[in-house]
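Here the structure is laid out as structure tokens; the discussion comes afterwards.
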Amino acid sequence: MPDYEPLRITARLQTPVICDDRLPLDGVLFYFAMRERYGFEVSTVPGNAIIGDDADKRRLVPFKVYYRNAAGRNHWFYQCSFACWVGHVAEGRDFWVKRFDQQYSSIVDFKGKRGKVITKAGRYKGYRMPVFTRHALAVRWYAVGDRREIERLLSFCTHLGKKESQGYGAVLEWQVERWPHDWSIESPRGLMRAVPSESGLLVGFRPSYWSPENQTLCRLPESYADV
Amino acid sequence: MSREQEARLYARVSIFKRRIEEARAVVARAFETAPRWYVALSGGKDSTCALALAREVCPDTPAVFSDDEWWLPETEEYTRRLSGLHWIRTNARHTSWFSTKGDFDGIPDYAQRQGFEGCFLGLRKDENSYRRVHLNTRGLLYFCQRDEVWHCNPIANWTARDVWAFIHSNEIDYNRAYDRLEEIGIPLDEQRIGPFAVERAIGYGQLATLKRGWPDLFNRFALAHPEARNYA
């Protein structure tokens, strides 16, 4: 039987994180737990990703599971708050760029026919995509979970958010400490995470947050500052 | 300094006044050329200016808005506040995975059936090199052979700064989605409002901006068009 207790988890950041203000930690741990269970996937086919069954997923992440009825459906999610950003948060914008390099046009394979490299659409389409960054000295989560198992999984996590290969979201240090209060869902600040509700905004409430099956109408925190 | 403060200050400089005069002159010339005009309205700032300039001369100039099934909540509020709006649904193919079906093959088709003789557009040379070449070649007022109507681009020589100066100094109602774009840190000359997934704009992060500014709406859009997640 897992030993669940209220926790405060802190990541000290070295570089800005490409993410929205919610940055759910259960999503991060879900990734590492899935990767450990099923192995690293070199490539995936759309719609063919390993998802695992519901009962399995509930045990996969070392957070306590919370059940809630909303709009006639029984939802479950992990007892882990959304991110609480410590101190001042600097928001920024950067870009990733993809552009066809003309000097390699002679080696493009047109299957023996004459062809044209089209950069407005298709395979060689050019991109200049914005990414939105957030930077603070630290980011915190409040959760109810198995401390040892969380520490073990977090030891694999060196970066948060997107574009870690470009140096974004580097974590200097993880701290997992016992906390006297369970602030995983509500705290003196108010709501701490997305909670399924009869009305509200359509957002994810458990990992994988992008998947439509894990999205429903939810109430959301009014602030993402630390408690 | 806020966008409005900057715009009001800029509205006092002479280059802005000259550009306004030029735009008003070309609108007057357009109405002399043909009597029945409409404004192709996207809900963005540029077509808002074109509409305001046209209505200075002819207050009942209609605006035609093409419904692309998906729009920002602020765009809907803005179009509700407008009088003389023709809200139509057209066939459009924006990307390989996002197209719309409607009663007309685009706004020009609708305009032809209504018997309009001219169309005011909010194109600007400042926007991209294609528009600069096009507007330098065709001019501010020309007859479009393809659509068989006159085209008038009164704000062709304006910059984004001119547009905001005109809007704020004349107290013109505008789409409040621009306030949200400013809130999330999109610079003035990159703020764009239009259909959600246009092939040309998708590579410049149109959907990434939507996800950032309107996450709930993005999730709804991605539910209908899962491919959208590849671009955000």
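Ordered as shown in the structure tokens, chains take letters A, B, and onward, while each chain numbers its residues from 1 and ligands are numbered from 1 in the order shown.
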Can you pull out every residue within 7 Å of segment 98-113 of chain B, counting only C-alpha atoms, but drop anything in the same chain fewer than 6 positions away, and send it as a list of chain:residue names?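 The residues that qualify are B:Ser66, B:Asp68, B:Arg89, B:Thr90, B:Asn91, B:Ala92, B:Asp147, B:Ala197.
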Would you give me, as number ranges by chain, the residues of chain B that come within 12 Å of chain A, using only C-alpha atoms? B: 94-96, 183-187, 190, 198-232
Output N, CA and C atoms of each residue in that selection to a file, as a tab-separated table (two decimals), in the first residue's frame.
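Resulting contents of result.tsv:
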chain	number	residue	atom	x	y	z
B	94	HIS	N	-8.85	26.55	-46.42
B	94	HIS	CA	-7.77	27.26	-45.75
B	94	HIS	C	-6.48	26.42	-45.68
B	95	THR	N	-6.63	25.13	-45.33
B	95	THR	CA	-5.50	24.20	-45.35
B	95	THR	C	-6.05	22.87	-45.84
B	96	SER	N	-5.18	21.87	-45.91
B	96	SER	CA	-5.65	20.56	-46.38
B	96	SER	C	-6.63	19.95	-45.38
B	183	GLU	N	-2.05	41.90	-24.47
B	183	GLU	CA	-1.86	41.36	-23.13
B	183	GLU	C	-0.87	40.20	-23.13
B	184	ILE	N	-0.92	39.36	-24.16
B	184	ILE	CA	-0.03	38.19	-24.19
B	184	ILE	C	1.30	38.50	-24.88
B	185	GLY	N	1.51	39.77	-25.19
B	185	GLY	CA	2.83	40.20	-25.64
B	185	GLY	C	3.11	40.09	-27.12
B	186	ILE	N	2.07	40.09	-27.95
B	186	ILE	CA	2.30	40.06	-29.41
B	186	ILE	C	2.54	41.50	-29.87
B	187	PRO	N	3.68	41.76	-30.54
B	187	PRO	CA	3.96	43.12	-30.98
B	187	PRO	C	2.91	43.64	-31.98
B	190	GLU	N	2.63	42.40	-35.55
B	190	GLU	CA	2.41	40.96	-35.75
B	190	GLU	C	1.02	40.53	-35.29
B	198	VAL	N	-5.13	29.37	-41.62
B	198	VAL	CA	-4.84	29.67	-43.02
B	198	VAL	C	-3.42	29.20	-43.31
B	199	GLU	N	-3.24	28.49	-44.42
B	199	GLU	CA	-1.94	27.89	-44.76
B	199	GLU	C	-0.79	28.92	-44.66
B	200	ARG	N	-1.05	30.12	-45.19
B	200	ARG	CA	0.00	31.15	-45.19
B	200	ARG	C	0.40	31.55	-43.77
B	201	ALA	N	-0.61	31.66	-42.89
B	201	ALA	CA	-0.36	32.21	-41.56
B	201	ALA	C	0.03	31.15	-40.54
B	202	ILE	N	-0.24	29.91	-40.87
B	202	ILE	CA	-0.04	28.84	-39.88
B	202	ILE	C	1.44	28.67	-39.52
B	203	GLY	N	2.31	28.95	-40.50
B	203	GLY	CA	3.75	28.84	-40.26
B	203	GLY	C	4.31	29.98	-39.44
B	204	TYR	N	3.49	30.97	-39.18
B	204	TYR	CA	3.92	32.11	-38.35
B	204	TYR	C	3.30	32.04	-36.95
B	205	GLY	N	2.75	30.87	-36.63
B	205	GLY	CA	2.31	30.66	-35.25
B	205	GLY	C	0.92	31.16	-34.93
B	206	GLN	N	0.06	31.20	-35.93
B	206	GLN	CA	-1.31	31.64	-35.71
B	206	GLN	C	-2.01	30.79	-34.64
B	207	LEU	N	-1.79	29.47	-34.72
B	207	LEU	CA	-2.46	28.59	-33.77
B	207	LEU	C	-1.76	28.58	-32.41
B	208	ALA	N	-0.45	28.81	-32.42
B	208	ALA	CA	0.26	28.91	-31.14
B	208	ALA	C	-0.24	30.12	-30.36
B	209	THR	N	-0.52	31.20	-31.10
B	209	THR	CA	-1.05	32.41	-30.47
B	209	THR	C	-2.47	32.16	-29.95
B	210	LEU	N	-3.25	31.43	-30.74
B	210	LEU	CA	-4.61	31.10	-30.30
B	210	LEU	C	-4.57	30.28	-29.01
B	211	LYS	N	-3.67	29.31	-28.96
B	211	LYS	CA	-3.56	28.46	-27.78
B	211	LYS	C	-3.16	29.27	-26.55
B	212	ARG	N	-2.29	30.22	-26.78
B	212	ARG	CA	-1.80	31.05	-25.68
B	212	ARG	C	-2.88	32.02	-25.17
B	213	GLY	N	-3.57	32.63	-26.11
B	213	GLY	CA	-4.53	33.68	-25.73
B	213	GLY	C	-5.92	33.17	-25.39
B	214	TRP	N	-6.33	32.09	-26.07
B	214	TRP	CA	-7.69	31.57	-25.89
B	214	TRP	C	-7.61	30.04	-25.76
B	215	PRO	N	-7.03	29.53	-24.64
B	215	PRO	CA	-6.79	28.08	-24.55
B	215	PRO	C	-8.05	27.24	-24.65
B	216	ASP	N	-9.13	27.74	-24.09
B	216	ASP	CA	-10.39	26.98	-24.13
B	216	ASP	C	-10.88	26.84	-25.57
B	217	LEU	N	-10.82	27.95	-26.30
B	217	LEU	CA	-11.25	27.94	-27.70
B	217	LEU	C	-10.33	27.05	-28.54
B	218	PHE	N	-9.03	27.11	-28.23
B	218	PHE	CA	-8.09	26.25	-28.95
B	218	PHE	C	-8.43	24.78	-28.74
B	219	ASN	N	-8.74	24.41	-27.49
B	219	ASN	CA	-9.10	23.01	-27.21
B	219	ASN	C	-10.34	22.58	-27.98
B	220	ARG	N	-11.30	23.49	-28.10
B	220	ARG	CA	-12.52	23.17	-28.86
B	220	ARG	C	-12.18	22.99	-30.34
B	221	PHE	N	-11.33	23.87	-30.83
B	221	PHE	CA	-10.93	23.80	-32.24
B	221	PHE	C	-10.16	22.50	-32.50
B	222	ALA	N	-9.26	22.16	-31.56
B	222	ALA	CA	-8.45	20.95	-31.72
B	222	ALA	C	-9.29	19.68	-31.59
B	223	LEU	N	-10.40	19.79	-30.87
B	223	LEU	CA	-11.31	18.66	-30.76
B	223	LEU	C	-11.95	18.38	-32.12
B	224	ALA	N	-12.28	19.44	-32.83
B	224	ALA	CA	-12.87	19.30	-34.17
B	224	ALA	C	-11.80	19.02	-35.23
B	225	HIS	N	-10.63	19.60	-35.05
B	225	HIS	CA	-9.54	19.45	-36.03
B	225	HIS	C	-8.25	19.07	-35.29
B	226	PRO	N	-8.06	17.77	-34.99
B	226	PRO	CA	-6.89	17.36	-34.18
B	226	PRO	C	-5.55	17.78	-34.78
B	227	GLU	N	-5.51	18.01	-36.09
B	227	GLU	CA	-4.24	18.42	-36.73
B	227	GLU	C	-3.73	19.74	-36.17
B	228	ALA	N	-4.63	20.52	-35.63
B	228	ALA	CA	-4.25	21.84	-35.09
B	228	ALA	C	-3.15	21.72	-34.04
B	229	ARG	N	-3.13	20.59	-33.33
B	229	ARG	CA	-2.13	20.42	-32.26
B	229	ARG	C	-0.70	20.34	-32.81
B	230	ASN	N	-0.57	20.03	-34.09
B	230	ASN	CA	0.78	19.97	-34.68
B	230	ASN	C	1.37	21.36	-34.85
B	231	TYR	N	0.57	22.39	-34.76
B	231	TYR	CA	1.03	23.75	-35.04
B	231	TYR	C	1.02	24.63	-33.80
B	232	ALA	N	0.89	24.04	-32.61
B	232	ALA	CA	0.83	24.89	-31.41
B	232	ALA	C	1.71	24.30	-30.30
Give me the residues within 6 Å of segment 158-167 of chain B as an MDAnalysis selection string, counting only C-alpha atoms and dropping any in the same chain fewer than 6 places off. chainID B and resid 7:8 11 126 189
As a ChimeraX atom specification, please: every residue in segment 14-221 of chain A that DSSP puts in strand (DSSP E). /A:17-18,65-70,73-78,84-86,90-98,127-135,138-146,171-178,186-187,190-191,195-204,215-219
Asp226 of chain A environment, 9 Å, only C-alpha atoms, sequence neighbours closer than 3 positions dropped, as a PDB file with N, CA and C atoms, in the first residue's frame:
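As written to disk, around-v3.pdb reads:
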ATOM      1  N   ALA A  83       0.953  24.520 -11.317  1.00  0.00           N
ATOM      2  CA  ALA A  83       2.171  25.211 -10.875  1.00  0.00           C
ATOM      3  C   ALA A  83       1.851  26.461 -10.056  1.00  0.00           C
ATOM      4  N   CYS A  84       2.671  26.691  -9.037  1.00  0.00           N
ATOM      5  CA  CYS A  84       2.615  27.939  -8.267  1.00  0.00           C
ATOM      6  C   CYS A  84       3.974  28.603  -8.479  1.00  0.00           C
ATOM      7  N   TRP A  85       3.967  29.705  -9.165  1.00  0.00           N
ATOM      8  CA  TRP A  85       5.235  30.345  -9.537  1.00  0.00           C
ATOM      9  C   TRP A  85       5.724  31.209  -8.381  1.00  0.00           C
ATOM     10  N   VAL A  86       6.959  31.001  -8.010  1.00  0.00           N
ATOM     11  CA  VAL A  86       7.507  31.671  -6.828  1.00  0.00           C
ATOM     12  C   VAL A  86       8.097  33.026  -7.216  1.00  0.00           C
ATOM     13  N   GLY A  87       7.624  34.067  -6.548  1.00  0.00           N
ATOM     14  CA  GLY A  87       8.170  35.412  -6.775  1.00  0.00           C
ATOM     15  C   GLY A  87       7.743  35.984  -8.121  1.00  0.00           C
ATOM     16  N   VAL A 139       9.503  27.076  -9.177  1.00  0.00           N
ATOM     17  CA  VAL A 139       8.089  26.772  -9.381  1.00  0.00           C
ATOM     18  C   VAL A 139       7.731  25.622  -8.440  1.00  0.00           C
ATOM     19  N   ARG A 140       6.507  25.730  -7.863  1.00  0.00           N
ATOM     20  CA  ARG A 140       6.132  24.770  -6.803  1.00  0.00           C
ATOM     21  C   ARG A 140       4.825  24.069  -7.113  1.00  0.00           C
ATOM     22  N   TRP A 141       4.665  22.894  -6.543  1.00  0.00           N
ATOM     23  CA  TRP A 141       3.396  22.166  -6.632  1.00  0.00           C
ATOM     24  C   TRP A 141       3.085  21.621  -5.247  1.00  0.00           C
ATOM     25  N   ARG A 189      -5.446  30.179  -0.923  1.00  0.00           N
ATOM     26  CA  ARG A 189      -5.456  31.039  -2.119  1.00  0.00           C
ATOM     27  C   ARG A 189      -6.691  30.781  -2.981  1.00  0.00           C
ATOM     28  N   SER A 223      -5.421  32.370  -9.799  1.00  0.00           N
ATOM     29  CA  SER A 223      -4.046  32.855  -9.776  1.00  0.00           C
ATOM     30  C   SER A 223      -3.087  31.673  -9.802  1.00  0.00           C
TER      31      SER A 223
END
Residues of segment 4-124 of chain B classed as helix (DSSP H, G or I) by DSSP on the backbone are to be reported as a PyMOL selection string. chain B and resi 4-10+14-33+45-57+73-81+107-114
Could you check the closest approach to Ala225 of chain A for each of A:Ala136, A:Val28, A:Ala143, A:Val195 and tell me which residue wins, using only C-alpha atoms? A:Ala136
Residue among A:Gln14, A:Ser106, A:Asn74, A:Thr158 lying closest to Pro196 of chain A, counting only C-alpha atoms: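 Of the candidates, the smallest distance to Pro196 of chain A is held by A:Asn74.
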Identify, on the basis of only C-alpha atoms, every residue whose closest approach to Gly194 of chain B does not exceed 8 Å; exclude the query and any residue fewer than 3 positions from it along the same chain; express the result as a PyMOL selection string. chain B and resi 42-44+71
What's the 7 Å shell around Phe65 of chain B, counting only C-alpha atoms, without same-chain residues fewer than 6 positions away, as a PyMOL selection string? chain B and resi 40-42+86-88
Could you write those residues out with N, CA and C atoms, as a PDB file, in the first residue's frame?
ATOM      1  N   ALA B  40     -15.121  44.572 -47.540  1.00  0.00           N
ATOM      2  CA  ALA B  40     -14.835  43.183 -47.168  1.00  0.00           C
ATOM      3  C   ALA B  40     -14.243  43.204 -45.764  1.00  0.00           C
ATOM      4  N   LEU B  41     -15.038  42.756 -44.796  1.00  0.00           N
ATOM      5  CA  LEU B  41     -14.650  42.882 -43.388  1.00  0.00           C
ATOM      6  C   LEU B  41     -14.192  41.535 -42.819  1.00  0.00           C
ATOM      7  N   SER B  42     -12.983  41.542 -42.251  1.00  0.00           N
ATOM      8  CA  SER B  42     -12.496  40.311 -41.612  1.00  0.00           C
ATOM      9  C   SER B  42     -12.695  40.372 -40.108  1.00  0.00           C
ATOM     10  N   HIS B  86     -23.476  42.297 -43.525  1.00  0.00           N
ATOM     11  CA  HIS B  86     -23.983  41.111 -44.228  1.00  0.00           C
ATOM     12  C   HIS B  86     -23.148  39.934 -43.758  1.00  0.00           C
ATOM     13  N   TRP B  87     -23.730  39.045 -42.997  1.00  0.00           N
ATOM     14  CA  TRP B  87     -23.013  37.885 -42.444  1.00  0.00           C
ATOM     15  C   TRP B  87     -23.290  36.710 -43.369  1.00  0.00           C
ATOM     16  N   ILE B  88     -22.268  36.234 -44.061  1.00  0.00           N
ATOM     17  CA  ILE B  88     -22.488  35.140 -45.023  1.00  0.00           C
ATOM     18  C   ILE B  88     -21.554  33.968 -44.726  1.00  0.00           C
TER      19      ILE B  88
END
Residues near Pro73 of chain B, anyone? I mean within 9 Å using only C-alpha atoms, not counting same-chain ones fewer than 4 positions away, as a count of residues only. 4
